[in-house]
file my_file.pdb (PDB, C-alpha atoms (C1' of nucleotides))
ATOM      1  CA  MET A 194     118.375 118.753 125.201
ATOM      2  CA  ARG A 195     115.149 116.823 125.642
ATOM      3  CA  ILE A 196     113.806 113.954 123.612
ATOM      4  CA  SER A 197     111.622 115.958 121.247
ATOM      5  CA  GLU A 198     114.590 118.026 120.132
ATOM      6  CA  ALA A 199     116.773 114.932 119.775
ATOM      7  CA  ALA A 200     114.019 113.437 117.635
ATOM      8  CA  SER A 201     113.712 116.396 115.299
ATOM      9  CA  LYS A 202     117.498 116.706 114.970
ATOM     10  CA  SER A 203     118.035 113.023 114.221
ATOM     11  CA  GLY A 204     114.973 112.251 112.152
ATOM     12  CA  LEU A 205     114.032 109.381 114.481
ATOM     13  CA  SER A 206     110.648 109.446 116.204
ATOM     14  CA  ILE A 207     110.405 109.872 119.969
ATOM     15  CA  ASP A 208     109.053 106.350 120.271
ATOM     16  CA  THR A 209     111.886 104.965 118.185
ATOM     17  CA  ILE A 210     114.501 106.706 120.321
ATOM     18  CA  ARG A 211     113.014 105.276 123.519
ATOM     19  CA  TYR A 212     112.793 101.885 121.854
ATOM     20  CA  TYR A 213     116.422 102.110 120.704
ATOM     21  CA  GLU A 214     117.523 102.952 124.221
ATOM     22  CA  SER A 215     115.628 100.011 125.668
ATOM     23  CA  SER A 216     117.091  97.615 123.128
ATOM     24  CA  GLY A 217     120.698  98.567 123.701
ATOM     25  CA  LEU A 218     121.370 100.705 120.658
ATOM     26  CA  LEU A 219     122.110 103.785 122.726
ATOM     27  CA  PRO A 220     124.504 104.389 125.596
ATOM     28  CA  PRO A 221     122.650 105.059 128.878
ATOM     29  CA  ILE A 222     121.062 108.482 128.413
ATOM     30  CA  GLU A 223     121.401 110.912 131.332
ATOM     31  CA  ARG A 224     118.316 111.911 133.266
ATOM     32  CA  GLY A 225     117.494 115.223 134.924
ATOM     33  CA  ALA A 226     116.174 115.636 138.483
ATOM     34  CA  ASP A 227     112.738 115.194 136.892
ATOM     35  CA  ARG A 228     113.779 111.726 135.628
ATOM     36  CA  GLN A 229     113.442 112.852 132.041
ATOM     37  CA  ARG A 230     116.093 112.157 129.425
ATOM     38  CA  ARG A 231     118.740 114.777 128.600
ATOM     39  CA  PHE A 232     120.628 114.189 125.347
ATOM     40  CA  SER A 233     124.151 115.516 124.772
ATOM     41  CA  THR A 234     125.338 116.578 121.317
ATOM     42  CA  VAL A 235     127.375 113.359 121.214
ATOM     43  CA  ASP A 236     124.187 111.368 121.850
ATOM     44  CA  VAL A 237     122.493 113.193 118.992
ATOM     45  CA  GLU A 238     125.374 112.511 116.636
ATOM     46  CA  TRP A 239     125.008 108.853 117.449
ATOM     47  CA  LEU A 240     121.271 109.057 116.791
ATOM     48  CA  ILE A 241     121.950 110.694 113.429
ATOM     49  CA  LEU A 242     124.328 107.888 112.508
ATOM     50  CA  LEU A 243     121.798 105.256 113.555
ATOM     51  CA  ALA A 244     119.051 107.017 111.596
ATOM     52  CA  SER A 245     121.232 107.043 108.521
ATOM     53  CA  LEU A 246     122.131 103.368 108.857
ATOM     54  CA  ARG A 247     118.519 102.435 109.476
ATOM     55  CA  ASP A 248     117.249 104.473 106.530
ATOM     56  CA  THR A 249     119.630 102.623 104.268
ATOM     57  CA  GLY A 250     118.575  99.216 105.475
ATOM     58  CA  MET A 251     120.957  98.129 108.213
ATOM     59  CA  PRO A 252     119.218  95.617 110.490
ATOM     60  CA  GLN A 253     119.058  96.409 114.204
ATOM     61  CA  LYS A 254     121.020  93.267 114.932
ATOM     62  CA  THR A 255     123.980  94.705 113.050
ATOM     63  CA  MET A 256     123.504  98.103 114.674
ATOM     64  CA  ARG A 257     123.464  96.460 118.088
ATOM     65  CA  HIS A 258     126.711  94.662 117.264
ATOM     66  CA  PHE A 259     128.238  97.944 116.133
ATOM     67  CA  ALA A 260     127.025  99.761 119.266
ATOM     68  CA  GLY A 261     128.575  97.008 121.366
ATOM     69  CA  LEU A 262     131.926  97.457 119.647
ATOM     70  CA  TYR A 263     131.737 101.175 120.246
ATOM     71  CA  ARG A 264     131.255 100.659 123.947
ATOM     72  CA  GLN A 265     134.371  98.504 124.070
ATOM     73  CA  GLY A 266     136.693 101.318 123.022
ATOM     74  CA  ASP A 267     139.280 101.988 120.337
ATOM     75  CA  GLY A 268     140.498  98.406 120.194
ATOM     76  CA  THR A 269     137.419  97.544 118.177
ATOM     77  CA  ILE A 270     138.037 100.135 115.475
ATOM     78  CA  PRO A 271     139.198  97.572 112.894
ATOM     79  CA  GLU A 272     136.021  95.546 113.326
ATOM     80  CA  ARG A 273     133.843  98.645 113.338
ATOM     81  CA  LYS A 274     135.547  99.663 110.137
ATOM     82  CA  LYS A 275     134.642  96.332 108.613
ATOM     83  CA  VAL A 276     130.974  96.791 109.542
ATOM     84  CA  LEU A 277     130.948 100.210 107.901
ATOM     85  CA  LEU A 278     132.735  98.986 104.787
ATOM     86  CA  ASP A 279     130.248  96.136 104.474
ATOM     87  CA  HIS A 280     127.456  98.637 104.748
ATOM     88  CA  ALA A 281     129.052 100.821 102.103
ATOM     89  CA  ASP A 282     128.906  97.777  99.794
ATOM     90  CA  HIS A 283     125.312  97.367 100.714
ATOM     91  CA  LEU A 284     124.650 100.980  99.700
ATOM     92  CA  GLU A 285     125.904 100.141  96.221
ATOM     93  CA  GLN A 286     123.441  97.280  95.955
ATOM     94  CA  ARG A 287     120.607  99.527  97.070
ATOM     95  CA  ARG A 288     121.607 102.018  94.448
ATOM     96  CA  GLY A 289     121.406  99.237  91.871
ATOM     97  CA  ALA A 290     117.891  98.370  93.038
ATOM     98  CA  LEU A 291     116.851 102.012  92.752
ATOM     99  CA  ASP A 292     118.274 102.202  89.242
ATOM    100  CA  ARG A 293     116.514  99.054  88.119
ATOM    101  CA  CYS A 294     113.245 100.231  89.600
ATOM    102  CA  ALA A 295     113.573 103.644  87.962
ATOM    103  CA  ASP A 296     114.097 101.823  84.672
ATOM    104  CA  ILE A 297     111.012  99.690  85.090
ATOM    105  CA  LEU A 298     108.942 102.714  86.083
ATOM    106  CA  ALA A 299     110.167 104.654  83.048
ATOM    107  CA  HIS A 300     109.091 101.804  80.755
ATOM    108  CA  LYS A 301     105.708 101.465  82.455
ATOM    109  CA  LEU A 302     105.084 105.195  82.251
ATOM    110  CA  GLU A 303     106.041 105.288  78.597
ATOM    111  CA  ARG A 304     103.670 102.437  77.856
ATOM    112  CA  SER A 305     100.821 104.095  79.760
ATOM    113  CA  ASP A 306     101.394 107.248  77.750
ATOM    114  CA  GLU A 307     101.050 105.248  74.547
ATOM    115  CA  ILE A 308      97.649 104.002  75.652
ATOM    116  CA  THR A 309      96.210 107.251  76.977
ATOM    117  CA  GLY A 310      97.919 109.406  74.359
ATOM    118  CA  GLY A 311      99.951 111.096  77.039
ATOM    119  CA  ASN A 312      97.102 113.246  78.351
ATOM    120  CA  ALA A 313      95.976 112.147  81.756
TER     121      ALA A 313
ATOM    122  CA  MET B 223     105.988  77.348  85.537
ATOM    123  CA  ARG B 224     105.879  76.360  89.194
ATOM    124  CA  ILE B 225     106.404  78.480  92.263
ATOM    125  CA  SER B 226     110.108  77.762  92.751
ATOM    126  CA  GLU B 227     110.880  79.020  89.259
ATOM    127  CA  ALA B 228     108.653  82.058  89.705
ATOM    128  CA  ALA B 229     110.547  82.760  92.929
ATOM    129  CA  SER B 230     113.990  82.549  91.385
ATOM    130  CA  LYS B 231     112.929  84.648  88.384
ATOM    131  CA  SER B 232     111.324  87.385  90.476
ATOM    132  CA  GLY B 233     113.674  87.483  93.424
ATOM    133  CA  LEU B 234     110.774  86.982  95.854
ATOM    134  CA  SER B 235     110.830  83.995  98.198
ATOM    135  CA  ILE B 236     108.313  81.181  97.784
ATOM    136  CA  ASP B 237     106.731  82.116 101.106
ATOM    137  CA  THR B 238     106.470  85.743 100.086
ATOM    138  CA  ILE B 239     104.766  84.832  96.795
ATOM    139  CA  ARG B 240     102.172  82.709  98.596
ATOM    140  CA  TYR B 241     101.713  85.464 101.135
ATOM    141  CA  TYR B 242     101.290  88.063  98.389
ATOM    142  CA  GLU B 243      98.649  85.912  96.723
ATOM    143  CA  SER B 244      96.734  85.500  99.977
ATOM    144  CA  SER B 245      96.820  89.221 100.652
ATOM    145  CA  GLY B 246      95.474  90.292  97.293
ATOM    146  CA  LEU B 247      98.631  91.511  95.620
ATOM    147  CA  LEU B 248      98.433  88.920  92.862
ATOM    148  CA  PRO B 249      95.667  88.010  90.464
ATOM    149  CA  PRO B 250      94.274  84.506  91.145
ATOM    150  CA  ILE B 251      97.052  82.154  90.087
ATOM    151  CA  GLU B 252      96.011  79.161  87.996
ATOM    152  CA  ARG B 253      96.270  75.696  89.492
ATOM    153  CA  GLY B 254      97.093  72.407  87.783
ATOM    154  CA  ALA B 255      95.128  69.170  88.228
ATOM    155  CA  ASP B 256      97.431  68.589  91.218
ATOM    156  CA  ARG B 257      96.140  71.852  92.806
ATOM    157  CA  GLN B 258      99.591  73.376  92.594
ATOM    158  CA  ARG B 259     100.172  76.895  91.273
ATOM    159  CA  ARG B 260     101.158  77.451  87.636
ATOM    160  CA  PHE B 261     102.565  80.886  86.883
ATOM    161  CA  SER B 262     102.331  82.456  83.424
ATOM    162  CA  THR B 263     105.040  84.780  82.111
ATOM    163  CA  VAL B 264     102.610  87.650  82.725
ATOM    164  CA  ASP B 265     102.315  86.574  86.370
ATOM    165  CA  VAL B 266     106.092  86.562  86.655
ATOM    166  CA  GLU B 267     106.383  90.018  85.137
ATOM    167  CA  TRP B 268     103.964  91.230  87.771
ATOM    168  CA  LEU B 269     106.030  89.551  90.483
ATOM    169  CA  ILE B 270     109.157  91.229  89.168
ATOM    170  CA  LEU B 271     107.439  94.608  89.311
ATOM    171  CA  LEU B 272     106.242  93.951  92.856
ATOM    172  CA  ALA B 273     109.713  92.811  93.895
ATOM    173  CA  SER B 274     111.195  95.981  92.495
ATOM    174  CA  LEU B 275     108.630  98.206  94.218
ATOM    175  CA  ARG B 276     109.076  96.356  97.497
ATOM    176  CA  ASP B 277     112.881  96.510  97.331
ATOM    177  CA  THR B 278     112.675 100.263  96.941
ATOM    178  CA  GLY B 279     110.366 100.706  99.879
ATOM    179  CA  MET B 280     106.804 100.803  98.586
ATOM    180  CA  PRO B 281     104.433  99.693 101.378
ATOM    181  CA  GLN B 282     102.127  96.761 100.689
ATOM    182  CA  LYS B 283      99.144  99.005 101.221
ATOM    183  CA  THR B 284     100.164 101.059  98.204
ATOM    184  CA  MET B 285     100.929  97.941  96.191
ATOM    185  CA  ARG B 286      97.501  96.569  97.046
ATOM    186  CA  HIS B 287      95.914  99.803  95.869
ATOM    187  CA  PHE B 288      97.909  99.627  92.662
ATOM    188  CA  ALA B 289      96.985  95.964  92.112
ATOM    189  CA  GLY B 290      93.334  96.874  92.602
ATOM    190  CA  LEU B 291      93.565  99.568  89.953
ATOM    191  CA  TYR B 292      95.158  97.087  87.592
ATOM    192  CA  ARG B 293      92.282  94.685  88.006
ATOM    193  CA  GLN B 294      89.831  97.424  87.078
ATOM    194  CA  GLY B 295      91.204  97.846  83.580
ATOM    195  CA  ASP B 296      92.578 100.628  81.393
ATOM    196  CA  GLY B 297      90.304 103.295  82.870
ATOM    197  CA  THR B 298      92.561 103.416  85.894
ATOM    198  CA  ILE B 299      95.730 104.136  83.933
ATOM    199  CA  PRO B 300      95.865 107.808  84.947
ATOM    200  CA  GLU B 301      95.701 106.927  88.613
ATOM    201  CA  ARG B 302      98.179 104.083  88.218
ATOM    202  CA  LYS B 303     100.473 106.544  86.503
ATOM    203  CA  LYS B 304     100.198 108.834  89.504
ATOM    204  CA  VAL B 305     101.170 106.015  91.863
ATOM    205  CA  LEU B 306     104.235 105.239  89.760
ATOM    206  CA  LEU B 307     105.243 108.893  89.481
ATOM    207  CA  ASP B 308     104.931 109.273  93.236
ATOM    208  CA  HIS B 309     107.136 106.269  93.670
ATOM    209  CA  ALA B 310     109.671 107.699  91.234
ATOM    210  CA  ASP B 311     109.832 110.749  93.526
ATOM    211  CA  HIS B 312     110.330 108.426  96.433
ATOM    212  CA  LEU B 313     113.268 106.819  94.609
ATOM    213  CA  GLU B 314     114.951 110.219  94.483
ATOM    214  CA  GLN B 315     114.576 110.604  98.217
ATOM    215  CA  ARG B 316     116.033 107.182  98.801
ATOM    216  CA  ARG B 317     118.941 108.078  96.614
ATOM    217  CA  GLY B 318     119.472 111.147  98.764
ATOM    218  CA  ALA B 319     119.503 108.990 101.889
ATOM    219  CA  LEU B 320     122.080 106.674 100.301
ATOM    220  CA  ASP B 321     124.262 109.634  99.360
ATOM    221  CA  ARG B 322     124.096 111.127 102.829
ATOM    222  CA  CYS B 323     124.881 107.787 104.415
ATOM    223  CA  ALA B 324     127.812 107.209 102.046
ATOM    224  CA  ASP B 325     129.106 110.615 103.109
ATOM    225  CA  ILE B 326     128.836 109.842 106.797
ATOM    226  CA  LEU B 327     130.534 106.486 106.300
ATOM    227  CA  ALA B 328     133.362 108.086 104.338
ATOM    228  CA  HIS B 329     133.978 110.522 107.193
ATOM    229  CA  LYS B 330     133.834 107.819 109.835
ATOM    230  CA  LEU B 331     136.226 105.625 107.877
ATOM    231  CA  GLU B 332     138.642 108.466 107.375
ATOM    232  CA  ARG B 333     138.619 109.219 111.081
ATOM    233  CA  SER B 334     139.161 105.582 112.008
ATOM    234  CA  ASP B 335     142.147 105.518 109.655
ATOM    235  CA  GLU B 336     143.605 108.508 111.453
ATOM    236  CA  ILE B 337     143.427 106.645 114.745
ATOM    237  CA  THR B 338     144.727 103.263 113.611
ATOM    238  CA  GLY B 339     147.189 104.739 111.141
ATOM    239  CA  GLY B 340     145.308 103.149 108.269
ATOM    240  CA  ASN B 341     146.558  99.622 108.948
ATOM    241  CA  ALA B 342     143.851  97.397 110.223
TER     242      ALA B 342
ATOM    243  C1'  DC C  21      97.681 128.455 146.017
ATOM    244  C1'  DT C  22      95.516 125.674 142.827
ATOM    245  C1'  DA C  23      94.050 124.340 138.426
ATOM    246  C1'  DC C  24      95.500 123.239 134.134
ATOM    247  C1'  DC C  25      98.460 122.216 130.219
ATOM    248  C1'  DA C  26     102.224 120.356 127.528
ATOM    249  C1'  DA C  27     105.858 117.355 127.434
ATOM    250  C1'  DC C  28     107.587 113.721 129.536
ATOM    251  C1'  DC C  29     107.457 108.799 131.649
ATOM    252  C1'  DT C  30     106.530 103.286 131.736
ATOM    253  C1'  DG C  31     104.550  98.957 130.383
ATOM    254  C1'  DG C  32     102.096  96.697 127.189
ATOM    255  C1'  DA C  33      99.137  95.872 123.079
ATOM    256  C1'  DG C  34      98.830  96.349 118.013
ATOM    257  C1'  DT C  35     100.706  96.557 113.129
ATOM    258  C1'  DT C  36     103.477  95.484 109.027
ATOM    259  C1'  DA C  37     105.707  92.421 106.348
ATOM    260  C1'  DC C  38     107.400  88.744 106.227
ATOM    261  C1'  DT C  39     109.469  83.867 107.744
ATOM    262  C1'  DC C  40     109.328  79.420 109.586
ATOM    263  C1'  DC C  41     107.193  75.135 110.786
ATOM    264  C1'  DA C  42     104.073  70.977 111.321
ATOM    265  C1'  DG C  43     101.555  67.947 109.079
ATOM    266  C1'  DG C  44      99.600  66.427 104.689
ATOM    267  C1'  DT C  45      99.239  65.548  99.253
ATOM    268  C1'  DC C  46     100.974  64.112  94.880
ATOM    269  C1'  DA C  47     104.022  62.476  90.876
ATOM    270  C1'  DA C  48     107.997  60.239  89.743
ATOM    271  C1'  DG C  49     111.889  57.287  90.331
ATOM    272  C1'  DT C  50     114.061  52.532  92.445
TER     273       DT C  50
ATOM    274  C1'  DA D 133     105.471  49.357  97.577
ATOM    275  C1'  DC D 134     108.271  52.899  99.149
ATOM    276  C1'  DT D 135     110.869  56.828  99.314
ATOM    277  C1'  DT D 136     112.009  61.471  97.726
ATOM    278  C1'  DG D 137     111.255  66.169  96.462
ATOM    279  C1'  DA D 138     108.361  69.886  95.436
ATOM    280  C1'  DC D 139     104.250  71.439  96.599
ATOM    281  C1'  DC D 140     100.066  72.531  99.753
ATOM    282  C1'  DT D 141      97.430  74.926 104.062
ATOM    283  C1'  DG D 142      96.927  76.999 108.520
ATOM    284  C1'  DG D 143      99.087  78.935 112.124
ATOM    285  C1'  DA D 144     102.899  80.501 115.168
ATOM    286  C1'  DG D 145     107.064  83.413 115.460
ATOM    287  C1'  DT D 146     110.038  87.559 114.464
ATOM    288  C1'  DA D 147     111.675  92.371 113.443
ATOM    289  C1'  DA D 148     111.035  96.934 113.900
ATOM    290  C1'  DC D 149     108.452  99.845 114.995
ATOM    291  C1'  DT D 150     103.915 102.483 116.523
ATOM    292  C1'  DC D 151     100.247 103.531 119.414
ATOM    293  C1'  DC D 152      97.849 103.858 123.714
ATOM    294  C1'  DA D 153      96.427 104.078 128.720
ATOM    295  C1'  DG D 154      97.488 105.810 132.834
ATOM    296  C1'  DG D 155     100.715 108.493 135.683
ATOM    297  C1'  DT D 156     104.342 112.414 136.891
ATOM    298  C1'  DT D 157     106.389 116.936 136.525
ATOM    299  C1'  DG D 158     107.356 121.977 135.612
ATOM    300  C1'  DG D 159     105.475 126.132 134.254
ATOM    301  C1'  DT D 160     101.907 129.441 133.764
ATOM    302  C1'  DA D 161      97.005 131.671 134.377
ATOM    303  C1'  DG D 162      93.430 132.783 137.446
TER     304       DG D 162
END
call {"tool": "encode", "arguments": {"input": "my_file.pdb", "output": "structure tokens"}}
result
Amino acid sequence: MRISEAASKSGLSIDTIRYYESSGLLPPIERGADRQRRFSTVDVEWLILLASLRDTGMPQKTMRHFAGLYRQGDGTIPERKKVLLDHADHLEQRRGALDRCADILAHKLERSDEITGGNA
Amino acid sequence: MRISEAASKSGLSIDTIRYYESSGLLPPIERGADRQRRFSTVDVEWLILLASLRDTGMPQKTMRHFAGLYRQGDGTIPERKKVLLDHADHLEQRRGALDRCADILAHKLERSDEITGGNA
DNA sequence: CTACCAACCTGGAGTTACTCCAGGTCAAGT
DNA sequence: ACTTGACCTGGAGTAACTCCAGGTTGGTAG
């Protein structure tokens, strides 16, 4: 498929996908006779993973490391696993931040209702 | 209190606090006779709120809007409330992204255990 | 056949939100 | 008097996009 479809399936923008390719986050993407990119379903799965990691705060540096491990084959599975486990920990911390923020917002909203009487 | 204490209480870095002041996210911070900043507990509460909004993905543009409303007094409470409610919605979406990512990671980890036999 | 259009391409500039650094001030301790 | 530590300003550097100008290609409409 072409880049626009890969973008809508992964949730990454077209620009971001091209940028990710140029910065080594993607394997070399095939090109057609027209020199345009053709993404396989495997490529798109990788994009979806990257999108998910990005959306939950993984820095590109870490993603680049992870992509590098991937390219080196199954021998790197233990280290890849470690990266993913670390990120899973990170997800917990993010969840904590969301909870704390929700708490603060609830207090603020309650207080603003006291002042305006709840209408408006 | 001084900036280092305000930083450790709010979770923002010293540089970020100075940057936030210069970009209009903070009210003018008092200075001592030595021209150094002195933060009140109210200032620090504001910093904590900003830190929480930032950590959950609110763009500075929105924070600047919100800070502006704050400066204009109680008449802006309805609009401020709207900003906070919108952000509460946003928190839900972030939570969804965390859940989806946790799912993907769980699958990946399971698969890597199949390959390595779970050891390593 | 040619004109046009949409979707693609590259290289590079611009934006957001910090982050770091050089060079300087000030109060307090030795 | 001198050093130390926390602070100051202005400005450069970085991460991760995002946008834009200018050019190519494949398909369709006249």
call {"tool": "resolve_selection", "arguments": {"input": "my_file.pdb", "expression": "the PyMOL selection byres ((chain D and resi 134) around 12)", "output": "count of residues only"}}
result
6
call {"tool": "interface_residues", "arguments": {"input": "my_file.pdb", "of": "chain A", "to": "chain D", "cutoff": "8 Å", "atoms": "all atoms listed in the file", "output": "list in words"}}
result
Asp208, Thr209 and Asp227 of chain A
call {"tool": "interface_residues", "arguments": {"input": "my_file.pdb", "of": "chain A", "to": "chain B", "cutoff": "9 Å", "atoms": "all atoms listed in the file", "output": "PyMOL selection string"}}
result
chain A and resi 242+245-246+248-249+267+270-274+277-278+280-281+284-285+287-288+290-295+297-299+301-302+305-306+308-309+312-313
call {"tool": "interface_residues", "arguments": {"input": "my_file.pdb", "of": "chain A", "to": "chain C", "cutoff": "9 Å", "atoms": "all atoms listed in the file", "output": "list in words"}}
result
Ile196, Ser197, Arg228, Gln229 and Arg230 of chain A
call {"tool": "atom_distance", "arguments": {"input": "my_file.pdb", "atom1": "CA of Arg286 in chain B", "atom2": "CA of Leu247 in chain B"}}
result
5.4 Å
call {"tool": "atom_distance", "arguments": {"input": "my_file.pdb", "atom1": "CA of Val237 in chain A", "atom2": "CA of Lys202 in chain A"}}
result
7.3 Å
call {"tool": "residues_near_point", "arguments": {"input": "my_file.pdb", "point": "(126.4, 104.7, 122.4)", "cutoff": "9 Å", "atoms": "all atoms listed in the file", "output": "number ranges by chain"}}
result
A: 217-222, 235-236, 239-240, 260-261, 263-264
call {"tool": "atom_distance", "arguments": {"input": "my_file.pdb", "atom1": "CA of Ala226 in chain A", "atom2": "CA of Tyr212 in chain A"}}
result
21.8 Å
call {"tool": "axis_aligned_box", "arguments": {"input": "my_file.pdb", "around": "range 226-231 of chain A", "padding_each_side": "4 Å", "output": "AutoDock Vina command-line options"}}
result
--center_x 115.7 --center_y 113.7 --center_z 133.5 --size_x 14.0 --size_y 11.9 --size_z 17.9
